[in-house]
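**Student:** Got a structure for you, written out below as structure tokens; questions coming shortly.
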Amino acid sequence: MIKGALLLCLLFKALPVYAVPEVNSLKDVQEKLVQERRLLLEAEIKKRGILGALYDINRDLTRIESDMDGIKSQMQIYQKNIESYARIIVRLERIRDHQKELLNERLRALYKLGFKGYAELLLSSQTSADFSRNMKFLKIIAQKDSLSIENYKKSLDLLARQQAKLRRQVKTYLQFEQNLDTQQSYFTEEKQKQLSILSRIDTDRESHLEALKEWREAGLKLEEKLTQLGLTSEINPDFRKASFVEKKGKLNPPVFRQIVEKYGIEKNEKFQTRMFNKGLFFAAPVKDKVAAIFFGKVAFAGWIDGYGQTIIIDHGDHYYSLYAHNSQLQKKTGDEVNAGETIAQSGDTASLRGPGLYMEIRHFSESLDPLPWLDLSKVTRL
């Protein structure tokens with residue numbers, strides 16, 4: 001029995017590979033097909049939600065990498081500042097030591113002389129002129145001593161300030177270094193989460209695709225047996241064919257031309273503006289054959305402002321493809337179309353880009369990047 005509810009554990013646990021049991025009722029097969037298609041759709045929606053979150057993570061990781069570069073630059077600046085302050089401190093310490101030695105010598109000399117030496121110098125004056133000269137001499141000595149002491153004090157103060165700056169620089173440097181380590185750890189952790197989530201999503205999706213394939217094969221075998229017995233088939237014809245979501249990555253492009261504008265934010269060089277493209281623009285010449293990428297029913301065929309002559313095809317499960325700027329439409333609303341069937345001719349109606357084909361894929365009203373849905377081996381990308 002297929003336990004599709006395990007899809008809810010998408011982020012925590014990979015689904016097992018299911019073995020399809022023998023079936024005796026096409027009704028059971030159809031119920032299982034409905035269930036698996038629903039779960040596959042839920043997985044696809046879940047995946048888009050997670051990919052949206054991963055887009056935000058990648059944006060944050062880009063910011064982190066930028067911050068890391070900034071931190072490294074700041075670290076280099078602080079490293080240079082630290083080295084500069086260290087050199088200044090070494091020089092100031094030498095000046096301080098020299099001044100200290102001079103003061104020590106001076107203090108030793110003063111200690112030996114004491115106040116007696118000054119008094120004897122004054123008393124030895126023979127004239128008032130000698131006395132005035134001796135007083136002036138003593139004043140100069142006192143001023144020089146005072147200046148030496150003041151310079152020594154300034155050197156000590158400057159040294160203390162430089163040492164404080166050095167301590168602050170070292171502290172800031174260490175903080176930046178710690179922040180860098182934190183950012184690097186966060187980057188690594190988020191990257192691993194991203195890879196793990198993507199792996200689990202892909203495993204889950206592949207499990208449902210395999211289950212759908214096996215149930216469909218089992219149903220067709222049972223239907224063949226019933227037909228041989230002359231019994232009427234009960235299975236919905238839609239379930240005999242793969243659904244749109246099952247063909248992701250395997251759809252032929254609508255035209256085999258180069259893609260000149262991709263899905264997402266694009267800069268318009270002509271108008272110097274940035275806009276969000278909801279689809280792809282193929283460089284198709286006028287009257288190139290435009291093919292449906294998958295079977296479905298034409299939900300709209302006609303003119304849409306900004307899109308020109310447009311066809312929208314409903315592929316079931318609320319998936320739609322849109323083909324715009326056509327010169328001629330070859331299908332009308334309500335027509336059934338097959339994959340690869342010509343539905344229009346390309347043109348340049350309401351196109352600001354010139355001739356070409358603009359194509360979108362939507363699920364409900366949400367636009368999807370068409371590139372992951374198309375067979376990229378058949379598409380020339382930018």
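Identifiers in the structure tokens: chain A, B, ... in order shown; residue index from 1 per chain; ligand index from 1 in order shown.
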Please identify all polymer residues within 12 Å of A:Gln328, counting only C-alpha atoms, omitting same-chain residues fewer than 4 positions from it, and present them as a list in words.
**Tutor:**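 Those residues are Val286, Lys287, Asp288, Lys289, Val290, Ala301, Gly302, Trp303, Gly308, Gln309, Thr310, Ile311, Tyr323, Ala324, Lys332, Thr342, Ile343, Ala344, Gln345, Ser346, Gly347, Asp348, Thr349 and Leu357 of chain A.
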**Student:** Next, write the just-selected residues to a file, as an mmCIF file, in the first residue's frame, keeping C-alpha atoms as the atom set.
**Tutor:**
data_model
loop_
_atom_site.group_PDB
_atom_site.id
_atom_site.type_symbol
_atom_site.label_atom_id
_atom_site.label_comp_id
_atom_site.auth_asym_id
_atom_site.auth_seq_id
_atom_site.Cartn_x
_atom_site.Cartn_y
_atom_site.Cartn_z
ATOM 1 C CA VAL A 286 8.280 35.995 -37.791
ATOM 2 C CA LYS A 287 6.096 33.022 -38.826
ATOM 3 C CA ASP A 288 8.247 30.419 -37.071
ATOM 4 C CA LYS A 289 6.070 27.441 -36.046
ATOM 5 C CA VAL A 290 5.141 27.513 -32.349
ATOM 6 C CA ALA A 301 -6.723 32.375 -27.705
ATOM 7 C CA GLY A 302 -6.755 36.041 -28.597
ATOM 8 C CA TRP A 303 -5.310 39.457 -27.940
ATOM 9 C CA GLY A 308 -0.263 40.623 -28.346
ATOM 10 C CA GLN A 309 -1.746 37.543 -30.014
ATOM 11 C CA THR A 310 -1.615 34.989 -27.219
ATOM 12 C CA ILE A 311 -2.498 31.349 -26.594
ATOM 13 C CA TYR A 323 2.735 31.784 -25.826
ATOM 14 C CA ALA A 324 2.746 35.496 -26.734
ATOM 15 C CA LYS A 332 -9.075 28.654 -30.715
ATOM 16 C CA THR A 342 1.627 23.630 -33.982
ATOM 17 C CA ILE A 343 -0.602 26.173 -32.237
ATOM 18 C CA ALA A 344 0.602 29.496 -33.685
ATOM 19 C CA GLN A 345 3.185 31.348 -35.742
ATOM 20 C CA SER A 346 5.643 33.624 -33.994
ATOM 21 C CA GLY A 347 5.648 37.367 -34.607
ATOM 22 C CA ASP A 348 6.122 40.714 -32.922
ATOM 23 C CA THR A 349 2.593 41.773 -31.910
ATOM 24 C CA LEU A 357 8.294 34.206 -28.918
#
**Student:** Using backbone DSSP assignments, extract all alpha helix (DSSP H) residues from stretch 201-347 of chain A; output them as JSON, numbers by chain.
**Tutor:** {"A": [201, 202, 203, 204, 205, 206, 207, 208, 209, 210, 211, 212, 213, 214, 215, 216, 217, 218, 219, 220, 221, 222, 223, 224, 225, 226, 227, 228]}
**Student:** Within 12 Å of A:Gly49, counting only C-alpha atoms, which residues show up once you throw out same-chain ones fewer than 4 positions away? Write them as a list in words, please.
**Tutor:** Leu11, Glu42, Ala43, Glu44, Ile45, Ala53, Leu54, Tyr55, Asp56, Ile197, Leu198, Ile201, Glu366 and Leu368 of chain A
**Student:** With C-alpha atoms retained, write the just-selected residues as a PDB file, in the first residue's frame.
**Tutor:**
ATOM      1  CA  LEU A  11      12.474  17.572   5.289  1.00  0.00           C
ATOM      2  CA  GLU A  42       2.216  18.651  -3.210  1.00  0.00           C
ATOM      3  CA  ALA A  43       5.887  17.704  -3.385  1.00  0.00           C
ATOM      4  CA  GLU A  44       6.390  20.083  -6.300  1.00  0.00           C
ATOM      5  CA  ILE A  45       4.682  22.924  -4.422  1.00  0.00           C
ATOM      6  CA  ALA A  53      13.588  29.725   1.230  1.00  0.00           C
ATOM      7  CA  LEU A  54      16.878  28.523  -0.239  1.00  0.00           C
ATOM      8  CA  TYR A  55      16.918  31.579  -2.484  1.00  0.00           C
ATOM      9  CA  ASP A  56      16.732  33.709   0.667  1.00  0.00           C
ATOM     10  CA  ILE A 197      17.172  19.684   1.767  1.00  0.00           C
ATOM     11  CA  LEU A 198      17.669  19.481  -1.987  1.00  0.00           C
ATOM     12  CA  ILE A 201      13.363  16.789  -2.068  1.00  0.00           C
ATOM     13  CA  GLU A 366       2.343  31.726  -9.895  1.00  0.00           C
ATOM     14  CA  LEU A 368       7.609  29.344 -12.817  1.00  0.00           C
TER      15      LEU A 368
END
**Student:** Could you please determine the separation between atom CA of A:Phe295 and atom CA of A:Val337 in Å, to one decimal place?
**Tutor:** 5.4 Å
**Student:** Rounded to one decimal, what separation in Å do you get between atom CA of A:Lys47 and atom CA of A:Glu214?
**Tutor:** 22.8 Å
**Student:** With only C-alpha atoms as the basis for distance, which of A:Ser327, A:Glu336, A:Phe282, A:Lys250 is at the shortest distance from A:Glu360?
**Tutor:**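 Checking each of A:Ser327, A:Glu336, A:Phe282, A:Lys250 against A:Glu360, counting only C-alpha atoms, the winner is A:Phe282.
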